[in-house]
>>> print(open('query.pdb').read())   # PDB, C-alpha atoms
ATOM      1  CA  MET A 753      -8.728  62.517 -17.404
ATOM      2  CA  SER A 754     -11.052  59.662 -16.469
ATOM      3  CA  GLU A 755     -13.776  58.314 -18.719
ATOM      4  CA  GLU A 756     -16.536  59.857 -16.611
ATOM      5  CA  LYS A 757     -14.788  63.245 -16.424
ATOM      6  CA  LYS A 758     -14.530  63.331 -20.218
ATOM      7  CA  VAL A 759     -18.237  62.555 -20.550
ATOM      8  CA  GLU A 760     -18.992  65.284 -17.982
ATOM      9  CA  LYS A 761     -16.951  67.700 -20.100
ATOM     10  CA  LEU A 762     -18.975  66.691 -23.157
ATOM     11  CA  HIS A 763     -22.170  67.279 -21.195
ATOM     12  CA  SER A 764     -20.998  70.796 -20.317
ATOM     13  CA  TYR A 765     -20.222  71.527 -23.970
ATOM     14  CA  LEU A 766     -23.684  70.332 -24.981
ATOM     15  CA  VAL A 767     -25.389  72.487 -22.357
ATOM     16  CA  ASP A 768     -23.308  75.507 -23.340
ATOM     17  CA  SER A 769     -24.115  75.022 -27.020
ATOM     18  CA  ARG A 770     -27.815  74.619 -26.218
ATOM     19  CA  ASP A 771     -27.737  77.903 -24.303
ATOM     20  CA  GLY A 772     -25.790  79.643 -27.064
ATOM     21  CA  TYR A 773     -28.257  78.550 -29.718
ATOM     22  CA  GLU A 774     -31.161  79.671 -27.568
ATOM     23  CA  ALA A 775     -29.659  83.119 -27.004
ATOM     24  CA  ALA A 776     -28.818  83.529 -30.691
ATOM     25  CA  ALA A 777     -32.282  82.405 -31.836
ATOM     26  CA  GLU A 778     -33.889  85.011 -29.600
ATOM     27  CA  ARG A 779     -32.027  87.737 -31.510
ATOM     28  CA  LEU A 780     -32.951  86.519 -34.993
ATOM     29  CA  ASP A 781     -35.714  87.826 -37.208
ATOM     30  CA  ASN A 782     -35.104  85.395 -40.086
ATOM     31  CA  PRO A 783     -37.570  82.499 -39.566
ATOM     32  CA  ALA A 784     -35.460  79.958 -41.509
ATOM     33  CA  GLN A 785     -32.343  80.708 -39.460
ATOM     34  CA  LYS A 786     -34.350  80.719 -36.250
ATOM     35  CA  THR A 787     -35.707  77.260 -37.142
ATOM     36  CA  ILE A 788     -32.185  75.901 -37.659
ATOM     37  CA  LEU A 789     -30.991  77.259 -34.302
ATOM     38  CA  GLU A 790     -34.096  75.983 -32.511
ATOM     39  CA  ARG A 791     -33.531  72.508 -33.984
ATOM     40  CA  LEU A 792     -29.880  72.502 -32.923
ATOM     41  CA  LYS A 793     -30.836  73.745 -29.456
ATOM     42  CA  GLY A 794     -33.356  70.908 -29.115
ATOM     43  CA  GLU A 795     -30.861  68.276 -30.226
ATOM     44  CA  ARG A 796     -28.229  69.501 -27.804
ATOM     45  CA  ALA A 797     -30.775  69.466 -24.969
ATOM     46  CA  GLU A 798     -31.730  65.866 -25.849
ATOM     47  CA  PHE A 799     -28.086  64.792 -26.034
ATOM     48  CA  ALA A 800     -27.316  66.363 -22.642
ATOM     49  CA  ALA A 801     -30.411  64.733 -21.114
ATOM     50  CA  ALA A 802     -29.280  61.309 -22.369
ATOM     51  CA  ILE A 803     -25.911  61.806 -20.686
ATOM     52  CA  ARG A 804     -27.591  62.897 -17.434
ATOM     53  CA  THR A 805     -29.774  59.772 -17.576
ATOM     54  CA  ALA A 806     -26.721  57.544 -18.037
ATOM     55  CA  PHE A 807     -25.016  59.207 -15.076
ATOM     56  CA  SER A 808     -28.134  58.872 -12.919
ATOM     57  CA  ARG A 809     -27.928  55.089 -13.398
ATOM     58  CA  LYS A 810     -24.523  55.368 -11.728
ATOM     59  CA  ASP A 811     -26.013  57.503  -8.928
ATOM     60  CA  VAL A 812     -24.216  60.612 -10.184
ATOM     61  CA  ASP A 813     -26.120  63.867 -10.608
ATOM     62  CA  LEU A 814     -25.131  66.271 -13.358
ATOM     63  CA  GLU A 815     -26.410  69.818 -13.371
ATOM     64  CA  ALA A 816     -28.785  70.561 -16.227
ATOM     65  CA  ASP A 817     -27.277  74.035 -16.361
ATOM     66  CA  GLY A 818     -23.694  72.923 -16.891
ATOM     67  CA  SER A 819     -20.841  75.367 -16.582
ATOM     68  CA  ILE A 820     -19.604  77.841 -19.125
ATOM     69  CA  LEU A 821     -16.332  76.599 -20.538
ATOM     70  CA  ALA A 822     -14.244  79.406 -21.957
ATOM     71  CA  SER A 823     -13.719  78.030 -25.465
ATOM     72  CA  MET A 824     -17.349  77.077 -26.049
ATOM     73  CA  HIS A 825     -18.537  80.254 -24.396
ATOM     74  CA  ARG A 826     -16.507  82.290 -26.877
ATOM     75  CA  ALA A 827     -17.669  80.147 -29.780
ATOM     76  CA  TYR A 828     -21.330  80.542 -28.959
ATOM     77  CA  LEU A 829     -21.018  84.220 -28.091
ATOM     78  CA  GLY A 830     -19.628  84.421 -31.614
ATOM     79  CA  VAL A 831     -22.867  82.876 -32.868
ATOM     80  CA  LYS A 832     -24.872  85.472 -30.985
ATOM     81  CA  ASP A 833     -22.754  88.274 -32.449
ATOM     82  CA  ALA A 834     -22.891  86.759 -35.925
ATOM     83  CA  VAL A 835     -26.661  87.072 -36.138
ATOM     84  CA  THR A 836     -26.193  90.708 -37.067
ATOM     85  CA  GLY A 837     -23.365  89.953 -39.506
ATOM     86  CA  GLY A 838     -25.280  88.151 -42.239
ATOM     87  CA  ASP A 839     -26.117  84.576 -43.099
ATOM     88  CA  GLU A 840     -22.634  83.502 -44.136
ATOM     89  CA  GLN A 841     -21.081  84.759 -40.892
ATOM     90  CA  LEU A 842     -23.831  83.119 -38.847
ATOM     91  CA  PHE A 843     -23.252  79.732 -40.462
ATOM     92  CA  ALA A 844     -19.467  80.122 -40.156
ATOM     93  CA  GLU A 845     -19.843  80.588 -36.387
ATOM     94  CA  ILE A 846     -22.272  77.687 -36.065
ATOM     95  CA  LEU A 847     -19.875  75.499 -38.041
ATOM     96  CA  ARG A 848     -16.946  76.490 -35.826
ATOM     97  CA  GLY A 849     -18.887  75.516 -32.699
ATOM     98  CA  GLU A 850     -20.063  72.219 -34.185
ATOM     99  CA  LEU A 851     -16.541  71.286 -35.280
ATOM    100  CA  LYS A 852     -15.309  71.901 -31.724
ATOM    101  CA  LEU A 853     -18.164  69.806 -30.352
ATOM    102  CA  ARG A 854     -17.234  66.985 -32.741
ATOM    103  CA  GLU A 855     -13.645  67.114 -31.430
ATOM    104  CA  VAL A 856     -14.934  66.640 -27.893
ATOM    105  CA  TYR A 857     -17.066  63.678 -29.017
ATOM    106  CA  ASP A 858     -13.993  62.147 -30.654
ATOM    107  CA  GLU A 859     -11.997  62.513 -27.424
ATOM    108  CA  VAL A 860     -14.780  60.911 -25.401
ATOM    109  CA  LEU A 861     -15.399  58.075 -27.853
ATOM    110  CA  ALA A 862     -11.672  57.266 -27.909
ATOM    111  CA  GLU A 863     -11.803  56.947 -24.121
ATOM    112  CA  VAL A 864     -15.054  54.988 -23.722
ATOM    113  CA  LYS A 865     -14.550  52.799 -26.794
ATOM    114  CA  ASP A 866     -17.298  50.154 -26.826
ATOM    115  CA  HIS A 867     -18.463  50.553 -23.227
ATOM    116  CA  ARG A 868     -22.186  49.819 -23.291
ATOM    117  CA  ASP A 869     -23.058  52.609 -20.832
ATOM    118  CA  TRP A 870     -21.965  55.139 -23.417
ATOM    119  CA  SER A 871     -22.962  53.377 -26.654
ATOM    120  CA  PHE A 872     -25.508  56.104 -27.467
ATOM    121  CA  LEU A 873     -22.683  58.649 -27.812
ATOM    122  CA  LYS A 874     -21.664  57.200 -31.183
ATOM    123  CA  GLU A 875     -25.138  57.886 -32.564
ATOM    124  CA  GLN A 876     -25.008  61.421 -31.177
ATOM    125  CA  ARG A 877     -21.626  61.910 -32.876
ATOM    126  CA  GLU A 878     -23.110  60.737 -36.177
ATOM    127  CA  THR A 879     -25.880  63.309 -35.798
ATOM    128  CA  ILE A 880     -23.235  65.998 -35.271
ATOM    129  CA  ASP A 881     -21.611  64.905 -38.564
ATOM    130  CA  ARG A 882     -24.925  65.266 -40.389
ATOM    131  CA  GLU A 883     -25.458  68.700 -38.851
ATOM    132  CA  ILE A 884     -21.977  69.801 -39.910
ATOM    133  CA  ALA A 885     -22.679  68.734 -43.494
ATOM    134  CA  GLN A 886     -25.976  70.627 -43.498
ATOM    135  CA  ILE A 887     -24.407  73.746 -41.976
ATOM    136  CA  GLN A 888     -21.629  73.650 -44.588
ATOM    137  CA  THR A 889     -24.307  73.549 -47.285
ATOM    138  CA  GLU A 890     -26.189  76.459 -45.703
ATOM    139  CA  LYS A 891     -22.943  78.432 -45.474
ATOM    140  CA  ARG A 892     -22.185  77.844 -49.176
ATOM    141  CA  LEU A 893     -25.712  78.895 -50.142
ATOM    142  CA  ALA A 894     -25.410  82.050 -48.040
ATOM    143  CA  ALA A 895     -22.142  83.105 -49.721
TER     144      ALA A 895
END
>>> encode(input="query.pdb", output="structure tokens")
Amino acid sequence: MSEEKKVEKLHSYLVDSRDGYEAAAERLDNPAQKTILERLKGERAEFAAAIRTAFSRKDVDLEADGSILASMHRAYLGVKDAVTGGDEQLFAEILRGELKLREVYDEVLAEVKDHRDWSFLKEQRETIDREIAQIQTEKRLAA
């Protein structure tokens, strides 16, 4: 898979996760959990927008809607279903989705290496690491 195709795949994962967080947040009553999902949704939207901007410099248009990829779709449907299963289950599903997203970042970063067009992806990946650590903490506290 080419460098650009891998980045497009990452973009789709980000859009799908944004949409999953939005749908899950709409079903929550717990304000603290809703805040976490809204923050994650916002970050994913920003990350996807940065990728679209980088592609636009290459005269390539990416859809803001993305496409539902089966694995992420299942992961984020799991988040939506987990909102009725308690805090620990919710954070377990969020963690599962974030770990998958980190895998995709790792694949992309291995491909693009130090290419300056994609240098911002490393910072995004670092943010994902921080989110994973925070979600793991939330999951432990919910247990």
>>> axis_aligned_box(input="query.pdb", around="segment 783-793 of chain A", padding_each_side="3 Å", output="lines of an AutoDock Vina configuration file")
center_x = -33.7
center_y = 77.5
center_z = -35.5
size_x = 13.7
size_y = 16.0
size_z = 18.1
>>> resolve_selection(input="query.pdb", expression="the PyMOL selection byres ((chain A and resi 868-880) around 9)", output="PyMOL selection string")
chain A and resi 759+795+799+802-803+806-807+850-851+853-854+857-858+860-861+864-867+881-885
>>> atom_distance(input="query.pdb", atom1="atom CA of Asn782 of chain A", atom2="atom CA of Phe843 of chain A")
13.1 Å
>>> resolve_selection(input="query.pdb", expression="the PyMOL selection byres ((chain A and resi 761-771) around 6)", output="list in words")
Lys758, Val759, Glu760, Gly772, Tyr773, Glu774, Lys793, Arg796, Ala800, Gly818 and Ser819 of chain A
>>> atom_distance(input="query.pdb", atom1="atom CA of Arg848 of chain A", atom2="atom CA of Lys757 of chain A")
23.6 Å
>>> atom_distance(input="query.pdb", atom1="atom CA of Ala777 of chain A", atom2="atom CA of Ile846 of chain A")
11.8 Å
>>> resolve_selection(input="query.pdb", expression="the PyMOL selection byres ((chain A and resi 892) around 12)", output="number ranges by chain")
A: 839-844, 847, 885-891, 893-895
>>> closest_residue(input="query.pdb", among="A:Glu855, A:Glu755, A:Glu790, A:Glu845", to="Glu778 of chain A", atoms="all atoms listed in the file")
A:Glu790
